[in-house]
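Quick look at start_36.txt (compact mmCIF, C-alpha atoms):
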# COMPACT_ATOMS: atom_id res chain seq x y z
CA MET A 13 103.40 98.78 99.58
CA ARG A 14 100.32 99.66 97.58
CA ARG A 15 96.96 100.15 99.30
CA ILE A 16 93.71 98.54 98.15
CA ARG A 17 90.82 101.00 98.49
CA GLY A 18 87.23 99.97 97.85
CA SER A 19 84.28 102.17 96.90
CA LEU A 20 80.59 101.23 96.66
CA PHE A 21 77.32 102.89 95.70
CA ALA A 22 74.55 101.30 97.77
CA SER A 23 70.86 101.74 98.50
CA LEU A 24 69.65 101.93 102.09
CA ASP A 25 68.77 98.21 101.93
CA GLY A 26 72.20 97.29 100.56
CA VAL A 27 71.53 96.94 96.82
CA ILE A 28 74.51 97.85 94.61
CA GLN A 29 73.16 96.66 91.26
CA ALA A 30 73.13 98.94 88.20
CA PRO A 31 73.32 102.38 89.83
CA GLY A 32 74.39 104.16 86.66
CA GLY A 33 71.88 103.29 83.94
CA PRO A 34 68.83 101.17 82.99
CA SER A 35 70.82 98.80 80.73
CA GLU A 36 73.88 98.48 82.99
CA ASP A 37 72.82 95.20 84.65
CA PRO A 38 69.17 94.07 84.46
CA THR A 39 70.03 90.44 85.30
CA GLY A 40 67.75 88.66 87.73
CA GLY A 41 64.85 90.82 86.58
CA PHE A 42 66.27 93.96 88.23
CA ALA A 43 63.96 96.79 87.16
CA HIS A 44 65.58 99.83 88.79
CA GLY A 45 68.78 100.35 86.83
CA GLY A 46 69.84 104.00 86.90
CA TRP A 47 68.67 104.65 90.45
CA LEU A 48 71.66 106.81 91.44
CA PRO A 49 71.47 109.95 89.21
CA GLN A 50 68.48 111.52 90.98
CA PHE A 51 70.54 111.67 94.18
CA PHE A 52 73.76 112.89 92.60
CA ASP A 53 74.92 116.24 93.97
CA GLU A 54 78.14 118.21 94.21
CA ASP A 55 79.06 116.49 97.49
CA VAL A 56 78.74 113.04 95.92
CA GLY A 57 80.79 114.28 92.97
CA GLY A 58 83.44 115.52 95.37
CA ALA A 59 83.55 112.16 97.13
CA ILE A 60 84.02 110.38 93.80
CA ASP A 61 86.78 112.83 92.92
CA ALA A 62 88.45 111.99 96.25
CA VAL A 63 88.41 108.28 95.42
CA PHE A 64 89.95 108.88 92.00
CA GLY A 65 91.73 112.16 92.75
CA GLN A 66 95.22 110.66 92.89
CA SER A 67 97.17 108.22 90.80
CA TYR A 68 95.54 104.76 90.83
CA ASP A 69 95.15 101.42 89.13
CA LEU A 70 91.82 99.59 89.03
CA LEU A 71 91.03 96.26 90.69
CA LEU A 72 87.84 94.77 89.24
CA GLY A 73 85.75 91.64 89.20
CA ARG A 74 85.08 90.13 85.80
CA ARG A 75 81.50 91.38 85.41
CA THR A 76 82.32 94.92 86.49
CA TYR A 77 85.24 94.81 84.07
CA ASP A 78 82.85 93.82 81.27
CA ILE A 79 80.55 96.75 82.13
CA PHE A 80 83.43 99.20 82.25
CA ALA A 81 85.15 97.89 79.10
CA ALA A 82 81.94 98.21 77.09
CA TYR A 83 81.32 101.77 78.24
CA TRP A 84 84.28 103.88 79.34
CA PRO A 85 86.54 103.55 76.24
CA TYR A 86 83.59 104.78 74.12
CA VAL A 87 82.05 107.42 76.37
CA GLY A 88 83.14 110.28 74.10
CA GLY A 89 80.71 109.07 71.48
CA GLU A 90 77.80 108.29 73.80
CA ALA A 91 75.45 110.45 75.87
CA THR A 92 73.62 107.74 77.81
CA GLY A 93 74.39 105.03 80.32
CA ILE A 94 76.69 105.38 83.31
CA GLY A 95 77.78 108.85 82.20
CA GLU A 96 74.28 110.25 82.83
CA VAL A 97 75.25 110.49 86.49
CA PHE A 98 77.50 113.43 85.64
CA ASP A 99 74.72 115.42 83.97
CA LYS A 100 73.58 116.84 87.33
CA THR A 101 76.46 119.31 86.98
CA GLY A 102 75.20 120.49 83.58
CA LYS A 103 75.14 118.75 80.20
CA ASP A 104 78.44 120.05 78.81
CA GLU A 105 80.35 119.86 82.08
CA GLY A 106 78.91 116.42 82.83
CA ALA A 107 79.90 115.04 79.43
CA ALA A 108 83.42 116.44 79.82
CA ALA A 109 83.76 114.81 83.25
CA ALA A 110 82.63 111.45 81.88
CA ILE A 111 85.03 111.68 78.94
CA GLN A 112 87.92 112.53 81.26
CA MET A 113 87.10 109.58 83.53
CA GLY A 114 86.95 107.30 80.49
CA GLU A 115 90.40 108.45 79.44
CA ASP A 116 91.76 108.00 82.94
CA PHE A 117 90.30 104.49 83.25
CA THR A 118 91.73 103.53 79.86
CA ARG A 119 95.18 104.79 80.82
CA ALA A 120 95.20 103.03 84.23
CA ASN A 121 96.29 99.45 84.71
CA LYS A 122 93.22 97.27 85.22
CA TYR A 123 93.70 94.12 87.30
CA VAL A 124 90.82 91.68 86.79
CA LEU A 125 90.42 89.10 89.55
CA THR A 126 88.90 86.01 87.93
CA ARG A 127 89.18 82.23 87.90
CA GLY A 128 88.38 82.13 84.19
CA THR A 129 90.21 83.36 81.12
CA PRO A 130 88.01 86.19 79.83
CA GLU A 131 88.86 88.33 76.83
CA LEU A 132 90.65 91.41 78.17
CA GLY A 133 90.97 93.57 75.11
CA TRP A 134 90.83 96.94 76.87
CA SER A 135 94.32 98.43 76.99
CA ASN A 136 96.43 97.88 80.12
CA SER A 137 94.23 95.02 81.37
CA HIS A 138 95.76 92.13 83.32
CA ARG A 139 94.25 88.89 84.59
CA VAL A 140 94.81 88.06 88.29
CA GLY A 141 94.16 84.43 89.16
CA GLY A 142 93.83 84.62 92.96
CA MET A 143 94.77 86.16 96.27
CA GLU A 144 98.41 85.01 96.23
CA GLU A 145 98.98 86.67 92.88
CA LEU A 146 97.23 89.80 94.13
CA LYS A 147 99.48 89.86 97.22
CA GLY A 148 102.48 90.03 94.91
CA ILE A 149 100.97 92.97 93.03
CA LYS A 150 100.11 94.75 96.28
CA VAL A 151 103.67 94.60 97.65
CA GLY A 152 105.12 95.80 94.35
CA ASP A 153 105.66 99.32 93.11
CA GLY A 154 102.80 101.40 91.81
CA PRO A 155 99.80 103.49 92.82
CA ASP A 156 96.89 102.39 95.00
CA LEU A 157 94.51 99.77 93.66
CA VAL A 158 90.94 101.14 93.59
CA ILE A 159 87.83 98.95 93.49
CA GLN A 160 84.63 100.50 92.13
CA GLY A 161 81.66 98.18 92.61
CA SER A 162 82.83 94.57 92.22
CA SER A 163 81.25 93.53 95.51
CA THR A 164 82.12 89.85 94.96
CA LEU A 165 85.78 90.65 95.62
CA TYR A 166 85.33 91.72 99.23
CA PRO A 167 84.90 88.38 101.07
CA ALA A 168 88.22 87.03 99.78
CA LEU A 169 90.02 90.36 100.19
CA ILE A 170 88.91 90.77 103.80
CA ALA A 171 89.66 87.13 104.64
CA ALA A 172 93.17 87.57 103.21
CA GLY A 173 93.72 90.87 105.04
CA LEU A 174 94.30 92.74 101.80
CA LEU A 175 91.61 95.45 101.98
CA ASP A 176 92.95 98.72 103.44
CA SER A 177 89.85 100.92 103.30
CA LEU A 178 86.24 100.90 102.12
CA THR A 179 84.11 103.93 101.24
CA VAL A 180 80.37 103.26 101.16
CA MET A 181 78.05 105.87 99.66
CA THR A 182 74.56 105.01 100.94
CA PHE A 183 71.78 106.75 99.02
CA PRO A 184 68.31 107.50 100.43
CA VAL A 185 66.44 104.89 98.42
CA VAL A 186 65.09 101.38 99.10
CA LEU A 187 65.14 99.04 96.09
CA GLY A 188 63.85 95.77 97.56
CA ARG A 189 65.49 93.38 95.11
CA GLY A 190 68.92 93.24 93.52
CA LYS A 191 72.52 92.28 94.11
CA ARG A 192 73.74 93.28 97.55
CA TRP A 193 77.19 94.42 98.53
CA PHE A 194 77.94 91.79 101.17
CA GLY A 195 76.68 88.21 101.11
CA ASN A 196 76.68 85.28 103.52
CA ASP A 197 80.28 84.38 102.59
CA MET A 198 81.69 87.56 104.14
CA PRO A 199 84.05 86.76 107.04
CA ALA A 200 83.24 88.42 110.37
CA ARG A 201 85.53 91.39 111.03
CA ALA A 202 85.39 94.65 112.96
CA LEU A 203 85.76 97.97 111.14
CA ARG A 204 86.50 101.46 112.39
CA LEU A 205 85.01 104.63 110.96
CA VAL A 206 87.72 107.02 109.72
CA GLY A 207 85.61 109.56 107.85
CA HIS A 208 81.98 110.48 107.24
CA GLN A 209 79.86 113.05 105.44
CA LEU A 210 76.16 113.76 104.89
CA THR A 211 75.46 115.30 101.48
CA ARG A 212 72.73 117.79 100.63
CA SER A 213 70.75 115.06 98.81
CA GLY A 214 70.77 112.87 101.93
CA THR A 215 73.56 110.50 100.91
CA VAL A 216 75.70 109.17 103.74
CA ILE A 217 79.36 108.74 102.77
CA ALA A 218 81.37 106.70 105.26
CA THR A 219 84.92 105.39 105.03
CA TYR A 220 86.07 102.42 107.10
CA GLU A 221 89.34 100.63 107.78
CA PRO A 222 89.86 97.10 109.17
CA ALA A 223 89.89 96.83 112.97
CA GLY A 224 90.61 93.16 113.62
CA GLU A 225 88.52 90.29 114.88
CA ILE A 226 85.07 90.46 116.48
CA ASP A 227 84.91 90.54 120.28
CA HIS A 228 81.91 88.65 121.66
CA GLY A 229 80.21 89.69 124.86
CA TRP A 230 76.94 90.70 126.50
CA ALA A 231 75.39 94.12 125.90
CA GLY A 232 73.89 93.89 129.39
CA PRO A 233 73.76 91.45 132.31
CA GLN A 234 73.31 87.86 131.17
CA SER A 235 69.89 86.43 132.05
CA THR A 236 69.71 83.17 134.01
CA SER A 237 65.95 83.20 134.45
CA GLU A 238 63.91 80.02 134.10
CA ARG A 239 62.21 81.50 131.06
CA GLU A 240 65.58 82.23 129.41
CA ASN A 241 66.80 78.73 130.24
CA ALA A 242 63.66 77.33 128.59
CA ARG A 243 64.26 79.48 125.52
CA GLN A 244 67.85 78.27 125.25
CA GLN A 245 66.64 74.66 125.53
CA ALA A 246 64.04 75.26 122.79
CA MET A 247 66.72 76.67 120.47
CA ALA A 248 69.00 73.70 121.12
CA GLU A 249 66.17 71.33 120.24
CA GLY A 250 65.08 73.26 117.14
CA ARG A 251 61.70 74.25 118.62
CA TRP A 252 62.21 78.02 118.78

Could you render the structure as structure tokens?
Amino acid sequence: MRRIRGSLFASLDGVIQAPGGPSEDPTGGFAHGGWLPQFFDEDVGGAIDAVFGQSYDLLLGRRTYDIFAAYWPYVGGEATGIGEVFDKTGKDEGAAAAIQMGEDFTRANKYVLTRGTPELGWSNSHRVGGMEELKGIKVGDGPDLVIQGSSTLYPALIAAGLLDSLTVMTFPVVLGRGKRWFGNDMPARALRLVGHQLTRSGTVIATYEPAGEIDHGWAGPQSTSERENARQQAMAEGRW
């Protein structure tokens, strides 16, 4: 069975929007596109290599697919945009790394989870209509399915029990506004930490795996004071 492995770039306050370049995704008035490159270091590069360091196919949401399809097949002829993140390793080496990733992404199968019928002209791209179809792909033959970004996929994946691991790279920056990696539709689940690293630029890289349902209990002795009883009554009546 194939594994589904997720990977996210996030700010300290949970924003995942447009890490790679100013024009990547300015929707909603987001003014901080390209916030990641200043924190890119060799450790972050190594973590990205670990995500993509073995044979893989891509699992993407429709908007992330659009961003990727408009950039990665053409990266050899461009020096700006998402590829700027690689320039921390040196201009020539960074460009070569971006070109190689573009070639690898183009060669990989790209499964696009969408309810619509978007144009999927990038080679080896396949529409996936829902979780049942994705389950069939997951139990078939092939390499792991890797998610980069595409935060809208996670609620349905976790609810269906299809996500096997999630690597979150949390960068030392607060952005205030922007698209966040988990929304209110995320089902409640426990996770267990299976790997962590602190990079020299202050980025925290943590990898989690599912750990079942949430257990509910008291962190300390339950209060039965009159004041607590009054507070509970106020909450029940909408006065708190």

- Query: What separation in Å, quoted to one decimal, exists between atom CA of Leu48 of chain A and atom CA of Ala120 of chain A?
  - Reply: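 Answer for the atom CA of Leu48 of chain A to atom CA of Ala120 of chain A separation: 24.9 Å.
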
Separation of atom CA of Gly32 of chain A from atom CA of Leu174 of chain A, in Å and rounded to one decimal: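 It comes out at 27.5 Å.
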
Report task. Could you give me, as a ChimeraX atom specification, the residues within 7 Å of His208 of chain A, counting only C-alpha atoms and dropping anything in the same chain fewer than 3 positions from it? Result -> /A:217-219

What does the distance between atom CA of Gly45 of chain A and atom CA of Thr76 of chain A come to in Å, to one decimal place?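 Computing it gives 14.6 Å between the two atoms.
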
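With only C-alpha atoms as the atoms that count, the residue of A:Gln66, A:Ser177, A:Ser19, A:Gln112 with the shortest distance to Ile159 of chain A is A:Ser19.
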
Q) Given the choices A:Arg251, A:Arg139, A:Lys191, A:His44, which gets closest to Gly161 of chain A if the distance is worked out from only C-alpha atoms? A)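 The answer is A:Lys191, which sits nearest to Gly161 of chain A.
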
* To do: Please identify all polymer residues within 12 Å of segment 23-29 of chain A, counting only C-alpha atoms, omitting same-chain residues fewer than 4 positions from it, and present them as a PyMOL selection string.
  => chain A and resi 19+33-48+51+75-76+79+160-164+180-195+214-217

*Up to 7 Å from (93.5, 100.2, 91.0) in the file's coordinates: name the residues, counting all atoms listed in the file, as an MDAnalysis selection string.*
chainID A and resid 68:71 121:122 156:159

Generate a file for segment 186-220 of chain A, containing N, CA, C and O atoms, as a PDB file, in the first residue's frame.
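Saved as selection_15.pdb:
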ATOM      1  N   VAL A 186       5.852  35.933  12.085  1.00  0.00           N
ATOM      2  CA  VAL A 186       4.417  36.094  12.314  1.00  0.00           C
ATOM      3  C   VAL A 186       3.878  36.980  11.199  1.00  0.00           C
ATOM      4  O   VAL A 186       4.375  38.085  10.980  1.00  0.00           O
ATOM      5  N   LEU A 187       2.860  36.504  10.479  1.00  0.00           N
ATOM      6  CA  LEU A 187       2.356  37.197   9.295  1.00  0.00           C
ATOM      7  C   LEU A 187       1.006  37.869   9.511  1.00  0.00           C
ATOM      8  O   LEU A 187       0.601  38.719   8.724  1.00  0.00           O
ATOM      9  N   GLY A 188       0.275  37.480  10.527  1.00  0.00           N
ATOM     10  CA  GLY A 188      -0.965  38.177  10.876  1.00  0.00           C
ATOM     11  C   GLY A 188      -2.164  37.759  10.053  1.00  0.00           C
ATOM     12  O   GLY A 188      -3.139  37.252  10.585  1.00  0.00           O
ATOM     13  N   ARG A 189      -2.103  37.957   8.752  1.00  0.00           N
ATOM     14  CA  ARG A 189      -3.202  37.607   7.860  1.00  0.00           C
ATOM     15  C   ARG A 189      -2.724  36.575   6.854  1.00  0.00           C
ATOM     16  O   ARG A 189      -1.542  36.438   6.588  1.00  0.00           O
ATOM     17  N   GLY A 190      -3.692  35.853   6.272  1.00  0.00           N
ATOM     18  CA  GLY A 190      -3.359  34.896   5.228  1.00  0.00           C
ATOM     19  C   GLY A 190      -4.022  33.557   5.454  1.00  0.00           C
ATOM     20  O   GLY A 190      -4.604  33.290   6.508  1.00  0.00           O
ATOM     21  N   LYS A 191      -3.947  32.714   4.458  1.00  0.00           N
ATOM     22  CA  LYS A 191      -4.537  31.378   4.530  1.00  0.00           C
ATOM     23  C   LYS A 191      -3.769  30.533   5.543  1.00  0.00           C
ATOM     24  O   LYS A 191      -2.538  30.504   5.541  1.00  0.00           O
ATOM     25  N   ARG A 192      -4.519  29.846   6.389  1.00  0.00           N
ATOM     26  CA  ARG A 192      -3.911  29.037   7.436  1.00  0.00           C
ATOM     27  C   ARG A 192      -4.040  27.552   7.130  1.00  0.00           C
ATOM     28  O   ARG A 192      -4.913  27.138   6.396  1.00  0.00           O
ATOM     29  N   TRP A 193      -3.160  26.777   7.746  1.00  0.00           N
ATOM     30  CA  TRP A 193      -3.022  25.379   7.315  1.00  0.00           C
ATOM     31  C   TRP A 193      -4.122  24.487   7.821  1.00  0.00           C
ATOM     32  O   TRP A 193      -4.430  23.495   7.188  1.00  0.00           O
ATOM     33  N   PHE A 194      -4.753  24.780   8.933  1.00  0.00           N
ATOM     34  CA  PHE A 194      -5.913  24.016   9.372  1.00  0.00           C
ATOM     35  C   PHE A 194      -7.043  24.984   9.663  1.00  0.00           C
ATOM     36  O   PHE A 194      -6.838  26.020  10.289  1.00  0.00           O
ATOM     37  N   GLY A 195      -8.246  24.646   9.225  1.00  0.00           N
ATOM     38  CA  GLY A 195      -9.408  25.487   9.469  1.00  0.00           C
ATOM     39  C   GLY A 195     -10.370  24.828  10.445  1.00  0.00           C
ATOM     40  O   GLY A 195     -10.075  23.801  11.061  1.00  0.00           O
ATOM     41  N   ASN A 196     -11.549  25.410  10.578  1.00  0.00           N
ATOM     42  CA  ASN A 196     -12.538  24.917  11.534  1.00  0.00           C
ATOM     43  C   ASN A 196     -13.145  23.581  11.132  1.00  0.00           C
ATOM     44  O   ASN A 196     -13.803  22.931  11.949  1.00  0.00           O
ATOM     45  N   ASP A 197     -12.948  23.164   9.875  1.00  0.00           N
ATOM     46  CA  ASP A 197     -13.516  21.894   9.414  1.00  0.00           C
ATOM     47  C   ASP A 197     -12.628  20.693   9.728  1.00  0.00           C
ATOM     48  O   ASP A 197     -12.981  19.560   9.399  1.00  0.00           O
ATOM     49  N   MET A 198     -11.479  20.921  10.343  1.00  0.00           N
ATOM     50  CA  MET A 198     -10.569  19.821  10.638  1.00  0.00           C
ATOM     51  C   MET A 198     -11.155  18.920  11.723  1.00  0.00           C
ATOM     52  O   MET A 198     -11.558  19.397  12.786  1.00  0.00           O
ATOM     53  N   PRO A 199     -11.239  17.620  11.487  1.00  0.00           N
ATOM     54  CA  PRO A 199     -11.731  16.720  12.538  1.00  0.00           C
ATOM     55  C   PRO A 199     -10.722  16.617  13.676  1.00  0.00           C
ATOM     56  O   PRO A 199      -9.512  16.736  13.470  1.00  0.00           O
ATOM     57  N   ALA A 200     -11.215  16.406  14.889  1.00  0.00           N
ATOM     58  CA  ALA A 200     -10.345  16.287  16.054  1.00  0.00           C
ATOM     59  C   ALA A 200      -9.659  14.926  16.057  1.00  0.00           C
ATOM     60  O   ALA A 200     -10.323  13.890  16.027  1.00  0.00           O
ATOM     61  N   ARG A 201      -8.337  14.926  16.089  1.00  0.00           N
ATOM     62  CA  ARG A 201      -7.555  13.695  16.131  1.00  0.00           C
ATOM     63  C   ARG A 201      -6.286  13.935  16.937  1.00  0.00           C
ATOM     64  O   ARG A 201      -5.748  15.043  16.967  1.00  0.00           O
ATOM     65  N   ALA A 202      -5.772  12.897  17.559  1.00  0.00           N
ATOM     66  CA  ALA A 202      -4.478  12.964  18.228  1.00  0.00           C
ATOM     67  C   ALA A 202      -3.376  12.642  17.221  1.00  0.00           C
ATOM     68  O   ALA A 202      -3.582  11.886  16.269  1.00  0.00           O
ATOM     69  N   LEU A 203      -2.213  13.239  17.428  1.00  0.00           N
ATOM     70  CA  LEU A 203      -1.032  12.956  16.619  1.00  0.00           C
ATOM     71  C   LEU A 203       0.114  12.600  17.544  1.00  0.00           C
ATOM     72  O   LEU A 203       0.139  13.003  18.710  1.00  0.00           O
ATOM     73  N   ARG A 204       1.081  11.870  17.026  1.00  0.00           N
ATOM     74  CA  ARG A 204       2.292  11.599  17.802  1.00  0.00           C
ATOM     75  C   ARG A 204       3.504  12.110  17.021  1.00  0.00           C
ATOM     76  O   ARG A 204       3.585  11.972  15.796  1.00  0.00           O
ATOM     77  N   LEU A 205       4.420  12.692  17.759  1.00  0.00           N
ATOM     78  CA  LEU A 205       5.641  13.229  17.167  1.00  0.00           C
ATOM     79  C   LEU A 205       6.611  12.094  16.890  1.00  0.00           C
ATOM     80  O   LEU A 205       6.940  11.316  17.788  1.00  0.00           O
ATOM     81  N   VAL A 206       7.086  11.987  15.641  1.00  0.00           N
ATOM     82  CA  VAL A 206       8.004  10.902  15.280  1.00  0.00           C
ATOM     83  C   VAL A 206       9.372  11.423  14.837  1.00  0.00           C
ATOM     84  O   VAL A 206      10.279  10.636  14.586  1.00  0.00           O
ATOM     85  N   GLY A 207       9.514  12.737  14.749  1.00  0.00           N
ATOM     86  CA  GLY A 207      10.803  13.311  14.383  1.00  0.00           C
ATOM     87  C   GLY A 207      10.770  14.815  14.525  1.00  0.00           C
ATOM     88  O   GLY A 207       9.737  15.443  14.303  1.00  0.00           O
ATOM     89  N   HIS A 208      11.910  15.411  14.939  1.00  0.00           N
ATOM     90  CA  HIS A 208      11.948  16.862  15.070  1.00  0.00           C
ATOM     91  C   HIS A 208      13.374  17.370  14.892  1.00  0.00           C
ATOM     92  O   HIS A 208      14.350  16.645  15.106  1.00  0.00           O
ATOM     93  N   GLN A 209      13.465  18.633  14.500  1.00  0.00           N
ATOM     94  CA  GLN A 209      14.765  19.254  14.247  1.00  0.00           C
ATOM     95  C   GLN A 209      14.611  20.760  14.380  1.00  0.00           C
ATOM     96  O   GLN A 209      13.589  21.337  13.980  1.00  0.00           O
ATOM     97  N   LEU A 210      15.618  21.419  14.955  1.00  0.00           N
ATOM     98  CA  LEU A 210      15.694  22.872  14.996  1.00  0.00           C
ATOM     99  C   LEU A 210      16.832  23.301  14.092  1.00  0.00           C
ATOM    100  O   LEU A 210      17.983  22.906  14.290  1.00  0.00           O
ATOM    101  N   THR A 211      16.533  24.120  13.071  1.00  0.00           N
ATOM    102  CA  THR A 211      17.560  24.520  12.122  1.00  0.00           C
ATOM    103  C   THR A 211      18.303  25.758  12.627  1.00  0.00           C
ATOM    104  O   THR A 211      17.872  26.440  13.557  1.00  0.00           O
ATOM    105  N   ARG A 212      19.406  26.057  11.976  1.00  0.00           N
ATOM    106  CA  ARG A 212      20.243  27.189  12.401  1.00  0.00           C
ATOM    107  C   ARG A 212      19.547  28.527  12.200  1.00  0.00           C
ATOM    108  O   ARG A 212      19.911  29.515  12.837  1.00  0.00           O
ATOM    109  N   SER A 213      18.532  28.597  11.325  1.00  0.00           N
ATOM    110  CA  SER A 213      17.782  29.848  11.136  1.00  0.00           C
ATOM    111  C   SER A 213      16.609  29.960  12.094  1.00  0.00           C
ATOM    112  O   SER A 213      15.886  30.953  12.070  1.00  0.00           O
ATOM    113  N   GLY A 214      16.411  28.941  12.948  1.00  0.00           N
ATOM    114  CA  GLY A 214      15.323  28.983  13.918  1.00  0.00           C
ATOM    115  C   GLY A 214      14.049  28.311  13.466  1.00  0.00           C
ATOM    116  O   GLY A 214      13.008  28.454  14.110  1.00  0.00           O
ATOM    117  N   THR A 215      14.094  27.582  12.367  1.00  0.00           N
ATOM    118  CA  THR A 215      12.925  26.855  11.876  1.00  0.00           C
ATOM    119  C   THR A 215      12.768  25.543  12.634  1.00  0.00           C
ATOM    120  O   THR A 215      13.741  24.816  12.844  1.00  0.00           O
ATOM    121  N   VAL A 216      11.549  25.253  13.058  1.00  0.00           N
ATOM    122  CA  VAL A 216      11.249  24.009  13.747  1.00  0.00           C
ATOM    123  C   VAL A 216      10.613  23.048  12.739  1.00  0.00           C
ATOM    124  O   VAL A 216       9.576  23.354  12.149  1.00  0.00           O
ATOM    125  N   ILE A 217      11.235  21.907  12.535  1.00  0.00           N
ATOM    126  CA  ILE A 217      10.736  20.905  11.595  1.00  0.00           C
ATOM    127  C   ILE A 217      10.257  19.717  12.412  1.00  0.00           C
ATOM    128  O   ILE A 217      11.041  19.083  13.124  1.00  0.00           O
ATOM    129  N   ALA A 218       8.976  19.432  12.342  1.00  0.00           N
ATOM    130  CA  ALA A 218       8.394  18.357  13.141  1.00  0.00           C
ATOM    131  C   ALA A 218       7.550  17.459  12.247  1.00  0.00           C
ATOM    132  O   ALA A 218       6.783  17.943  11.412  1.00  0.00           O
ATOM    133  N   THR A 219       7.705  16.157  12.431  1.00  0.00           N
ATOM    134  CA  THR A 219       6.941  15.176  11.660  1.00  0.00           C
ATOM    135  C   THR A 219       6.029  14.401  12.602  1.00  0.00           C
ATOM    136  O   THR A 219       6.468  13.937  13.669  1.00  0.00           O
ATOM    137  N   TYR A 220       4.767  14.287  12.211  1.00  0.00           N
ATOM    138  CA  TYR A 220       3.747  13.644  13.030  1.00  0.00           C
ATOM    139  C   TYR A 220       3.098  12.494  12.262  1.00  0.00           C
ATOM    140  O   TYR A 220       3.053  12.495  11.034  1.00  0.00           O
TER     141      TYR A 220
END
